[in-house]
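Source file: start-v9.cif (mmCIF, C-alpha atoms and all ligand atoms)
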data_coords
loop_
_atom_site.label_atom_id
_atom_site.label_comp_id
_atom_site.auth_asym_id
_atom_site.auth_seq_id
_atom_site.Cartn_x
_atom_site.Cartn_y
_atom_site.Cartn_z
CA MET A 1 106.36 -42.09 -15.55
CA ALA A 2 105.57 -39.19 -17.86
CA ASP A 3 107.59 -36.00 -17.61
CA LEU A 4 105.26 -33.36 -16.13
CA ASP A 5 107.42 -30.27 -16.79
CA THR A 6 105.82 -27.27 -18.42
CA ASP A 7 106.99 -23.83 -19.46
CA TYR A 8 105.17 -20.81 -18.13
CA LEU A 9 106.26 -17.18 -17.96
CA GLY A 10 109.83 -18.12 -18.77
CA LEU A 11 109.90 -20.52 -15.81
CA CYS A 12 110.36 -24.25 -16.15
CA LEU A 13 107.72 -25.61 -13.77
CA LYS A 14 107.84 -29.19 -12.52
CA ASN A 15 104.15 -29.73 -13.41
CA PRO A 16 101.20 -27.67 -14.70
CA LEU A 17 99.28 -27.24 -11.41
CA LEU A 18 99.40 -23.87 -9.66
CA PRO A 19 97.25 -22.64 -6.78
CA SER A 20 95.67 -19.44 -8.11
CA ALA A 21 95.46 -16.14 -6.24
CA SER A 22 93.57 -16.84 -3.02
CA PRO A 23 93.77 -16.53 0.76
CA LEU A 24 95.85 -19.75 0.76
CA SER A 25 98.96 -17.66 0.18
CA ARG A 26 98.27 -15.48 3.23
CA ALA A 27 99.68 -18.10 5.60
CA VAL A 28 103.09 -19.65 5.09
CA ASP A 29 101.83 -22.96 6.48
CA SER A 30 99.13 -23.28 3.82
CA ALA A 31 101.63 -22.37 1.13
CA ARG A 32 104.03 -25.04 2.45
CA HIS A 33 101.22 -27.61 2.38
CA LEU A 34 100.54 -26.70 -1.22
CA GLU A 35 104.21 -27.11 -2.07
CA ASP A 36 104.27 -30.47 -0.27
CA ALA A 37 101.20 -31.57 -2.24
CA GLY A 38 103.13 -30.86 -5.45
CA ALA A 39 102.27 -27.28 -6.46
CA SER A 40 104.80 -26.17 -9.06
CA GLY A 41 104.51 -22.52 -8.06
CA ILE A 42 102.08 -20.28 -6.25
CA VAL A 43 100.16 -17.17 -7.21
CA MET A 44 99.73 -14.81 -4.29
CA TYR A 45 96.50 -13.08 -3.35
CA SER A 46 96.28 -9.68 -5.02
CA LEU A 47 97.67 -6.45 -3.74
CA PHE A 48 94.75 -4.05 -4.20
CA GLU A 49 95.60 -0.42 -4.84
CA GLU A 50 92.15 0.71 -3.70
CA GLN A 51 92.84 -0.84 -0.29
CA ILE A 52 96.10 1.06 -0.03
CA LEU A 53 94.38 4.31 -1.02
CA ALA A 54 91.56 3.77 1.49
CA GLU A 55 94.15 3.17 4.18
CA GLU A 56 96.04 6.33 3.24
CA ARG A 57 92.83 8.38 3.37
CA GLN A 58 92.03 6.97 6.78
CA TYR A 59 95.54 7.68 7.95
CA ASP A 60 95.34 11.28 6.69
CA ARG A 61 92.03 11.81 8.51
CA PHE A 62 93.55 10.31 11.61
CA GLY A 63 96.55 12.63 11.33
CA ALA A 64 94.31 15.68 10.83
CA HIS A 65 92.22 14.64 13.81
CA GLN A 66 95.35 14.32 15.90
CA ASP A 67 96.36 17.89 14.95
CA LEU A 68 93.19 19.19 16.56
CA GLY A 69 94.71 18.13 19.85
CA HIS A 70 92.83 16.05 22.34
CA GLY A 71 95.16 16.47 25.25
CA GLU A 72 95.88 13.29 27.12
CA ALA A 73 93.90 11.09 24.71
CA SER A 74 96.31 11.77 21.84
CA SER A 75 99.10 10.04 23.75
CA PHE A 76 97.15 6.76 23.46
CA LEU A 77 97.20 6.95 19.66
CA PRO A 78 99.60 4.58 17.90
CA GLN A 79 102.90 6.00 16.77
CA PRO A 80 103.26 6.38 13.00
CA SER A 81 106.57 4.48 13.13
CA GLY A 82 104.71 1.27 14.11
CA PHE A 83 102.28 1.52 11.21
CA ARG A 84 102.49 -1.33 8.69
CA SER A 85 100.51 -0.58 5.60
CA THR A 86 98.81 -3.09 3.31
CA LEU A 87 101.73 -2.62 0.95
CA ASP A 88 104.30 -3.27 3.70
CA ARG A 89 102.48 -6.42 4.75
CA TYR A 90 102.21 -7.68 1.20
CA LEU A 91 105.90 -7.14 0.51
CA GLU A 92 106.81 -8.85 3.79
CA GLN A 93 104.59 -11.81 2.94
CA LEU A 94 106.13 -12.06 -0.53
CA ALA A 95 109.64 -12.04 0.93
CA LEU A 96 108.61 -14.63 3.54
CA LEU A 97 107.10 -16.95 0.93
CA LYS A 98 110.25 -16.62 -1.16
CA ARG A 99 112.40 -17.56 1.84
CA SER A 100 110.13 -20.43 2.93
CA LEU A 101 109.32 -22.13 -0.38
CA GLY A 102 111.41 -23.71 -3.09
CA ILE A 103 108.84 -23.00 -5.84
CA PRO A 104 108.35 -19.79 -7.83
CA VAL A 105 106.14 -17.13 -6.27
CA ILE A 106 104.00 -15.08 -8.65
CA ALA A 107 102.80 -11.78 -7.20
CA SER A 108 99.39 -10.44 -8.16
CA LEU A 109 98.43 -6.82 -8.54
CA ASN A 110 95.11 -5.06 -8.96
CA GLY A 111 95.73 -1.40 -9.66
CA THR A 112 93.31 1.46 -10.17
CA SER A 113 95.58 4.27 -11.38
CA ARG A 114 98.38 4.23 -13.93
CA GLU A 115 100.87 5.26 -11.23
CA GLY A 116 99.60 2.49 -8.95
CA TRP A 117 100.12 -0.23 -11.53
CA LEU A 118 103.61 1.04 -12.28
CA ASP A 119 104.88 1.88 -8.79
CA PHE A 120 103.50 -1.21 -7.08
CA GLY A 121 104.63 -3.39 -9.98
CA LEU A 122 108.17 -2.16 -9.41
CA GLU A 123 107.89 -2.75 -5.65
CA LEU A 124 106.82 -6.35 -6.25
CA GLN A 125 109.76 -6.92 -8.56
CA GLN A 126 112.17 -5.46 -6.02
CA ALA A 127 110.70 -7.66 -3.27
CA GLY A 128 111.74 -10.75 -5.24
CA ALA A 129 108.63 -11.96 -7.12
CA ASP A 130 109.43 -14.46 -9.87
CA ALA A 131 106.68 -13.08 -12.11
CA LEU A 132 103.73 -10.73 -11.95
CA GLU A 133 100.06 -11.45 -12.59
CA LEU A 134 97.92 -8.41 -13.39
CA ASN A 135 94.44 -8.94 -12.00
CA VAL A 136 92.41 -6.70 -14.30
CA TYR A 137 89.10 -7.11 -12.52
CA TYR A 138 87.17 -4.01 -13.48
CA VAL A 139 83.52 -3.26 -14.10
CA ALA A 140 82.94 -0.40 -16.54
CA GLY A 141 80.13 1.42 -14.77
CA THR A 142 79.47 4.46 -16.94
CA PRO A 143 77.82 4.58 -20.37
CA GLU A 144 80.54 6.92 -21.62
CA GLU A 145 83.29 4.33 -21.24
CA SER A 146 83.55 2.25 -24.39
CA ALA A 147 84.90 -1.28 -24.75
CA GLY A 148 87.78 0.23 -26.70
CA ASP A 149 88.57 2.64 -23.82
CA VAL A 150 88.72 -0.22 -21.30
CA GLU A 151 90.95 -2.33 -23.53
CA GLN A 152 93.23 0.59 -24.35
CA ARG A 153 93.71 1.39 -20.65
CA TYR A 154 94.99 -2.12 -20.01
CA LEU A 155 97.20 -2.07 -23.07
CA ASP A 156 98.70 1.26 -21.97
CA VAL A 157 99.33 -0.02 -18.43
CA LEU A 158 100.98 -3.13 -19.82
CA THR A 159 103.16 -1.23 -22.26
CA ASP A 160 104.33 1.13 -19.51
CA LEU A 161 104.95 -1.72 -17.06
CA LYS A 162 106.99 -3.65 -19.62
CA ALA A 163 109.16 -0.55 -20.04
CA LYS A 164 109.62 -0.23 -16.28
CA ILE A 165 110.10 -3.78 -15.01
CA THR A 166 111.81 -6.91 -16.29
CA LEU A 167 109.55 -9.51 -14.65
CA PRO A 168 107.52 -11.77 -16.92
CA ILE A 169 103.90 -10.58 -16.89
CA ALA A 170 100.65 -12.54 -17.07
CA VAL A 171 97.37 -10.69 -17.56
CA LYS A 172 94.35 -12.22 -15.87
CA ILE A 173 91.30 -11.25 -17.89
CA THR A 174 87.57 -11.89 -17.81
CA SER A 175 85.76 -13.55 -20.68
CA GLN A 176 83.63 -10.47 -21.21
CA PHE A 177 85.46 -8.94 -24.12
CA SER A 178 83.67 -8.71 -27.46
CA SER A 179 86.62 -10.30 -29.19
CA PRO A 180 88.84 -12.13 -26.70
CA LEU A 181 91.18 -13.34 -29.44
CA ASN A 182 91.79 -9.84 -30.71
CA PHE A 183 92.39 -8.53 -27.18
CA VAL A 184 94.76 -11.37 -26.30
CA HIS A 185 96.61 -10.78 -29.56
CA ARG A 186 97.03 -7.09 -28.69
CA LEU A 187 98.13 -7.97 -25.15
CA GLN A 188 100.77 -10.23 -26.64
CA GLN A 189 101.90 -7.44 -29.00
CA ALA A 190 102.13 -5.08 -26.00
CA GLY A 191 104.46 -7.52 -24.26
CA ALA A 192 102.27 -9.86 -22.19
CA ASP A 193 104.05 -13.15 -21.59
CA ALA A 194 100.86 -15.00 -20.63
CA VAL A 195 97.12 -14.65 -20.26
CA VAL A 196 95.18 -16.14 -17.40
CA ILE A 197 91.69 -17.08 -18.60
CA PHE A 198 89.26 -16.23 -17.10
CA ASN A 199 88.69 -14.20 -13.96
CA ARG A 200 85.20 -14.84 -12.58
CA PHE A 201 82.94 -11.85 -12.01
CA TYR A 202 81.35 -12.00 -8.59
CA GLN A 203 77.69 -11.06 -8.76
CA SER A 204 75.81 -8.87 -6.34
CA ASP A 205 72.56 -10.33 -5.09
CA ILE A 206 69.31 -8.69 -3.97
CA ASN A 207 68.17 -9.62 -0.47
CA LEU A 208 64.37 -9.94 -0.74
CA GLU A 209 63.81 -9.28 2.97
CA SER A 210 66.06 -6.26 3.56
CA LEU A 211 65.72 -5.14 -0.09
CA SER A 212 69.41 -4.36 -0.09
CA VAL A 213 72.04 -5.29 -2.60
CA GLU A 214 74.65 -7.58 -1.13
CA PRO A 215 77.89 -8.96 -2.49
CA ALA A 216 77.72 -12.71 -2.97
CA LEU A 217 80.80 -14.90 -3.22
CA GLN A 218 80.14 -18.30 -4.66
CA LEU A 219 82.82 -20.80 -5.41
CA SER A 220 82.96 -22.07 -8.97
CA LEU A 221 81.24 -25.11 -10.43
CA PRO A 222 83.03 -27.63 -12.63
CA TYR A 223 80.99 -26.81 -15.77
CA GLU A 224 82.69 -23.37 -15.82
CA ALA A 225 85.89 -25.05 -16.98
CA LEU A 226 84.42 -25.66 -20.46
CA LEU A 227 84.49 -21.96 -21.36
CA ARG A 228 88.18 -21.82 -20.42
CA ILE A 229 89.05 -25.01 -22.29
CA ARG A 230 87.37 -23.74 -25.43
CA TRP A 231 89.17 -20.38 -25.34
CA ALA A 232 92.50 -21.99 -24.48
CA ALA A 233 92.11 -23.99 -27.69
CA MET A 234 91.20 -20.88 -29.68
CA ILE A 235 94.05 -18.79 -28.28
CA ARG A 236 96.64 -21.57 -28.63
CA GLY A 237 95.69 -21.91 -32.31
CA ALA A 238 96.02 -18.21 -33.03
CA VAL A 239 98.35 -16.33 -30.66
CA ASP A 240 101.88 -17.14 -29.53
CA ILE A 241 101.43 -16.58 -25.79
CA ASP A 242 101.48 -18.71 -22.65
CA ILE A 243 98.08 -19.65 -21.27
CA ALA A 244 96.94 -20.40 -17.72
CA VAL A 245 93.36 -21.48 -17.18
CA THR A 246 91.43 -20.62 -14.03
CA GLY A 247 87.77 -21.13 -13.19
CA GLY A 248 86.03 -24.44 -12.62
CA PHE A 249 89.07 -26.70 -12.49
CA HIS A 250 88.16 -29.12 -9.73
CA GLU A 251 89.09 -32.44 -11.31
CA ALA A 252 91.96 -34.02 -13.23
CA ASP A 253 89.72 -34.57 -16.29
CA ALA A 254 89.08 -30.86 -16.88
CA SER A 255 92.76 -30.09 -16.28
CA ILE A 256 93.82 -32.69 -18.86
CA LYS A 257 91.36 -31.25 -21.38
CA ALA A 258 92.80 -27.76 -20.82
CA LEU A 259 96.31 -29.06 -21.45
CA LEU A 260 95.17 -30.83 -24.63
CA ALA A 261 93.54 -27.57 -25.71
CA GLY A 262 96.85 -25.77 -25.21
CA ALA A 263 97.10 -24.44 -21.65
CA ASN A 264 100.59 -24.23 -20.16
CA THR A 265 99.26 -24.33 -16.62
CA VAL A 266 96.04 -25.00 -14.75
CA GLN A 267 95.25 -22.85 -11.72
CA LEU A 268 93.21 -24.31 -8.87
CA CYS A 269 91.32 -22.37 -6.23
CA SER A 270 87.76 -23.42 -5.26
CA THR A 271 88.65 -27.08 -4.98
CA LEU A 272 91.61 -26.25 -2.70
CA LEU A 273 89.49 -23.94 -0.55
CA THR A 274 86.85 -26.66 -0.27
CA HIS A 275 89.04 -29.74 0.27
CA GLY A 276 92.33 -28.28 1.48
CA PRO A 277 95.82 -28.10 -0.08
CA ALA A 278 96.21 -31.91 -0.29
CA ARG A 279 93.58 -31.90 -3.09
CA LEU A 280 96.25 -30.58 -5.46
CA GLY A 281 98.26 -33.78 -4.97
CA GLU A 282 95.24 -35.95 -5.81
CA VAL A 283 94.55 -34.06 -9.05
CA LEU A 284 98.23 -34.25 -9.96
CA LYS A 285 98.35 -37.99 -9.38
CA GLU A 286 95.33 -38.54 -11.60
CA ILE A 287 96.86 -36.46 -14.39
CA GLU A 288 100.05 -38.51 -14.14
CA GLN A 289 98.03 -41.72 -14.28
CA TRP A 290 96.10 -40.57 -17.34
CA LEU A 291 99.33 -39.67 -19.15
CA ASP A 292 100.75 -43.11 -18.41
CA ASP A 293 97.53 -44.91 -19.38
CA HIS A 294 97.47 -43.04 -22.68
CA GLU A 295 101.19 -43.57 -23.28
CA TYR A 296 102.22 -39.94 -23.30
CA GLU A 297 105.86 -39.40 -22.49
CA SER A 298 105.37 -35.85 -21.32
CA VAL A 299 102.91 -33.04 -20.70
CA ARG A 300 104.64 -31.08 -23.48
CA GLN A 301 103.79 -33.87 -25.93
CA MET A 302 100.06 -33.51 -25.32
CA GLN A 303 99.89 -29.73 -24.82
CA GLY A 304 97.93 -28.09 -27.62
CA SER A 305 97.32 -31.30 -29.55
CA LEU A 306 93.62 -30.39 -29.55
CA SER A 307 94.01 -26.64 -30.10
CA SER A 308 91.88 -25.00 -32.78
CA ARG A 309 94.84 -25.39 -35.14
CA ASN A 310 95.47 -29.07 -34.45
CA ALA A 311 92.02 -30.48 -33.74
CA ALA A 312 90.57 -32.68 -36.49
CA ASP A 313 87.39 -30.58 -36.34
CA PRO A 314 88.30 -26.98 -35.40
CA ALA A 315 84.70 -25.94 -36.12
CA ALA A 316 83.73 -27.70 -32.91
CA TYR A 317 85.28 -24.75 -31.05
CA GLU A 318 83.69 -22.15 -33.27
CA ARG A 319 80.36 -20.70 -34.28
CA GLN A 320 79.70 -23.30 -37.01
CA ASN A 321 78.86 -25.81 -34.33
CA TYR A 322 76.26 -23.64 -32.65
CA LEU A 323 73.26 -24.96 -34.56
CA SER A 324 74.18 -28.61 -34.19
CA VAL A 325 74.64 -28.14 -30.42
CA LEU A 326 71.19 -26.58 -30.10
CA GLY A 327 69.74 -29.38 -32.23
CA SER A 328 71.32 -32.01 -30.02
CA PHE A 329 68.97 -31.28 -27.11
CA THR A 330 66.51 -34.02 -26.21
CA PRO A 331 63.87 -33.63 -23.50
CA PRO A 332 64.33 -35.60 -20.29
CA PRO A 333 62.30 -38.83 -20.07
CA GLY A 334 58.62 -38.19 -19.25
CA VAL A 335 58.71 -34.49 -20.14
CA ARG A 336 56.64 -33.49 -23.17
CA TYR A 337 56.33 -30.16 -24.99
C1 LIG B 1 88.12 -16.35 -1.54
C2 LIG B 1 88.73 -16.02 -2.87
C3 LIG B 1 89.72 -15.05 -2.96
C4 LIG B 1 90.28 -14.73 -4.19
N1 LIG B 1 91.24 -13.76 -4.25
C5 LIG B 1 91.76 -13.42 -5.46
C6 LIG B 1 92.75 -12.42 -5.56
O1 LIG B 1 93.19 -11.83 -4.57
N2 LIG B 1 93.22 -12.12 -6.81
C7 LIG B 1 92.78 -12.76 -7.94
O2 LIG B 1 93.26 -12.46 -9.04
N3 LIG B 1 91.85 -13.73 -7.85
C8 LIG B 1 91.34 -14.07 -6.67
N4 LIG B 1 90.39 -15.05 -6.60
C9 LIG B 1 89.99 -15.74 -7.84
C10 LIG B 1 90.74 -17.07 -7.98
O3 LIG B 1 92.13 -16.86 -8.10
C11 LIG B 1 90.28 -17.87 -9.22
O4 LIG B 1 90.65 -17.19 -10.40
C12 LIG B 1 88.78 -18.08 -9.24
O5 LIG B 1 88.30 -18.48 -7.97
C13 LIG B 1 88.43 -19.18 -10.25
O6 LIG B 1 89.08 -20.37 -9.97
P1 LIG B 1 88.33 -21.62 -9.25
O7 LIG B 1 87.19 -21.99 -10.09
O8 LIG B 1 89.38 -22.68 -9.17
O9 LIG B 1 87.89 -21.13 -7.93
C14 LIG B 1 89.83 -15.39 -5.38
C15 LIG B 1 88.84 -16.38 -5.27
C16 LIG B 1 88.29 -16.71 -4.05
C17 LIG B 1 87.24 -17.76 -3.98
#

Structure rendered as C-alpha cells:
Amino acid sequence: MADLDTDYLGLCLKNPLLPSASPLSRAVDSARHLEDAGASGIVMYSLFEEQILAEERQYDRFGAHQDLGHGEASSFLPQPSGFRSTLDRYLEQLALLKRSLGIPVIASLNGTSREGWLDFGLELQQAGADALELNVYYVAGTPEESAGDVEQRYLDVLTDLKAKITLPIAVKITSQFSSPLNFVHRLQQAGADAVVIFNRFYQSDINLESLSVEPALQLSLPYEALLRIRWAAMIRGAVDIDIAVTGGFHEADASIKALLAGANTVQLCSTLLTHGPARLGEVLKEIEQWLDDHEYESVRQMQGSLSSRNAADPAAYERQNYLSVLGSFTPPPGVRY
C-alpha cells in the first residue's frame, strides 16, 4: 500500500483529498460523513463580509424603527441579546467542527474591506481554525480599476494579515489574471503559504422570457480540471508554494494528473454535492489503486514529477504547443468543410 501523506499549509495530511468550501460543512453530520469517507481535512464554506454588513444595516434600520415607538407592537420584537449574527454562527460552526472532527478544519473568508479581512481573519484564528483560505472572488466592475490595482489590493490584504495572524494562509484565486505565474510569485513573496487554483466565476444568464438577468449556478464539468492541471504544473516548476487544485475534479484520473503536475492537494466539491460524501472514498480508493499498479511507494514520490520543470517536454504546457494543438483537429466522420 502506497503512503498517501501529503504536506499542505504546514499540515501533514493523511491523503491529498479535501472537500472544498461548500454547504457540506454547514452540517456536522455531512462533515463527519466526509471524514469517514477519508477526507484528510475540510475547507469550510466562506464567511462573507458583505453578508455581515447587510445584516448590520438591517439591524440598524430595525433599531431606528424601534426608536420611533410602536407601543405594544415593539414588545413583540426580538431582544438584541438573542441575536446571533452571521459571524457568531460561523464561529460557532467552526468550533463545533473542531470539536466533532479529528481532521484539520480550514476556515474560508471573503472580505470586502481591509478591516474586514483583518478583523475576521483574527476571529477565525481565535476560534481555532487550523488554517485560513482567502476566497478572493471579486469582479472588477469599473473601467478605472486596473489589473494592477486589483492585484495590489490582494497583496496588501495578505501582507497585513500575515503581520496580524499566525495561521498558514492559502489564497484561492481565479484564472483570470494576465500573468498568473507572476501573481502567484508575488503572493508567495507576500507570505502566502498556498494557492488554490482556480475559483470558478459564476455567470449571470439572460432569461429570454422575462428579459431579466439572473444568477446561474452550474456545477463544474470534468474538462475544467485540465486548466488547473496545466497551471499546477507551471506553478510547481516556477514558484516555491503549496498548491491545491479545485474545479472539475470529479474522478481519480484528473486528481492523479494534478498530483503528477505538482499539486499538494485536490479539492472536491461538485462531485460530492452530486453523489454525496461517500464519493470521496471511491476517488481515494482509485488513487491508491493507481499508485500500487504503477509501483509508487508514496504520493510524495509522484508529486510534481510532471511539473513544467520535470516534464520531458515542458513546451507541452506552454505557448509553443499552441499551433500543434490547433493543427491536431480532425473533423468528425461524415462532416465536410
Ligand atoms: C453550492 C456551492 C457553494 C460554494 N460555496 C463556496 C464558498 O462558500 N467559498 C468558496 O471559496 N467556494 C465555494 N464554492 C466553490 C467550490 O469550493 C469549488 O471551488 C468550485 O465548486 C469548483 O470545484 P468543483 O469543480 O469540484 O465543484 C461553492 C461551490 C458550490 C457549488

Self-check item: Protein and nucleic residues near ligand LIG 1 (chain B), 8 Å, only C-alpha atoms and all ligand atoms, as a PyMOL selection string
Solution: chain A and resi 19-23+44-48+108-110+133-137+172+198-200+217-222+224-225+246-250+267-273

Would you tabulate, counting all atoms listed in the file, all residues of range 188-287 of chain A that have an atom at most 8 Å from an atom of range 308-331 of chain A, showing the closest pair of atoms and their distance in Å to one decimal, sorted by chain then ascending number, as a Markdown table?
| residue | atom | partner | partner_atom | distance |
| --- | --- | --- | --- | --- |
| A:Arg230 | CA | A:Tyr317 | CA | 6.1 |
| A:Ala233 | CA | A:Ser308 | CA | 5.2 |
| A:Met234 | CA | A:Ser308 | CA | 5.2 |
| A:Ile235 | CA | A:Ser308 | CA | 8.0 |
| A:Arg236 | CA | A:Ser308 | CA | 7.2 |
| A:Gly237 | CA | A:Arg309 | CA | 4.6 |
| A:Ala238 | CA | A:Arg309 | CA | 7.6 |
| A:Ala261 | CA | A:Ser308 | CA | 7.7 |

Exercise. Find the residue from A:Met302, A:Leu187, A:Leu284, A:Leu260 that sits nearest to Ser40 in chain A; use all atoms listed in the file when measuring.
Key: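 Of A:Met302, A:Leu187, A:Leu284, A:Leu260, the one nearest Ser40 in chain A, counting all atoms listed in the file, is A:Leu284.
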
Practice problem: May I have the residues within 12 Å of Ile256 in chain A as a PyMOL selection string, using all atoms listed in the file and disregarding those fewer than 4 positions away in the same chain? | Solution: chain A and resi 4+16-17+225-226+229+245+249-252+260-266+283-291+294+296+299-300+302-306

Residues from last step as file, C-alpha atoms, as a PDB file, in the coordinates of the input:
ATOM      1  CA  LEU A   4     105.260 -33.360 -16.130  1.00  0.00           C
ATOM      2  CA  PRO A  16     101.200 -27.670 -14.700  1.00  0.00           C
ATOM      3  CA  LEU A  17      99.280 -27.240 -11.410  1.00  0.00           C
ATOM      4  CA  ALA A 225      85.890 -25.050 -16.980  1.00  0.00           C
ATOM      5  CA  LEU A 226      84.420 -25.660 -20.460  1.00  0.00           C
ATOM      6  CA  ILE A 229      89.050 -25.010 -22.290  1.00  0.00           C
ATOM      7  CA  VAL A 245      93.360 -21.480 -17.180  1.00  0.00           C
ATOM      8  CA  PHE A 249      89.070 -26.700 -12.490  1.00  0.00           C
ATOM      9  CA  HIS A 250      88.160 -29.120  -9.730  1.00  0.00           C
ATOM     10  CA  GLU A 251      89.090 -32.440 -11.310  1.00  0.00           C
ATOM     11  CA  ALA A 252      91.960 -34.020 -13.230  1.00  0.00           C
ATOM     12  CA  LEU A 260      95.170 -30.830 -24.630  1.00  0.00           C
ATOM     13  CA  ALA A 261      93.540 -27.570 -25.710  1.00  0.00           C
ATOM     14  CA  GLY A 262      96.850 -25.770 -25.210  1.00  0.00           C
ATOM     15  CA  ALA A 263      97.100 -24.440 -21.650  1.00  0.00           C
ATOM     16  CA  ASN A 264     100.590 -24.230 -20.160  1.00  0.00           C
ATOM     17  CA  THR A 265      99.260 -24.330 -16.620  1.00  0.00           C
ATOM     18  CA  VAL A 266      96.040 -25.000 -14.750  1.00  0.00           C
ATOM     19  CA  VAL A 283      94.550 -34.060  -9.050  1.00  0.00           C
ATOM     20  CA  LEU A 284      98.230 -34.250  -9.960  1.00  0.00           C
ATOM     21  CA  LYS A 285      98.350 -37.990  -9.380  1.00  0.00           C
ATOM     22  CA  GLU A 286      95.330 -38.540 -11.600  1.00  0.00           C
ATOM     23  CA  ILE A 287      96.860 -36.460 -14.390  1.00  0.00           C
ATOM     24  CA  GLU A 288     100.050 -38.510 -14.140  1.00  0.00           C
ATOM     25  CA  GLN A 289      98.030 -41.720 -14.280  1.00  0.00           C
ATOM     26  CA  TRP A 290      96.100 -40.570 -17.340  1.00  0.00           C
ATOM     27  CA  LEU A 291      99.330 -39.670 -19.150  1.00  0.00           C
ATOM     28  CA  HIS A 294      97.470 -43.040 -22.680  1.00  0.00           C
ATOM     29  CA  TYR A 296     102.220 -39.940 -23.300  1.00  0.00           C
ATOM     30  CA  VAL A 299     102.910 -33.040 -20.700  1.00  0.00           C
ATOM     31  CA  ARG A 300     104.640 -31.080 -23.480  1.00  0.00           C
ATOM     32  CA  MET A 302     100.060 -33.510 -25.320  1.00  0.00           C
ATOM     33  CA  GLN A 303      99.890 -29.730 -24.820  1.00  0.00           C
ATOM     34  CA  GLY A 304      97.930 -28.090 -27.620  1.00  0.00           C
ATOM     35  CA  SER A 305      97.320 -31.300 -29.550  1.00  0.00           C
ATOM     36  CA  LEU A 306      93.620 -30.390 -29.550  1.00  0.00           C
TER      37      LEU A 306
END

Exercise. Would you please work out which residue, of A:Trp117, A:Gln93, A:Pro104, A:Tyr59, is nearest to Lys14 in chain A when using all atoms listed in the file?
Key: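 With all atoms listed in the file as the atom set, the closest residue is A:Pro104.
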
Practice problem: Return the single residue from A:Gly148, A:Gly111, A:Pro180, A:Gly276 that is closest to Val195 in chain A, with distances computed using all atoms listed in the file. | Solution: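 Of A:Gly148, A:Gly111, A:Pro180, A:Gly276, the one nearest Val195 in chain A is A:Pro180, counting all atoms listed in the file.
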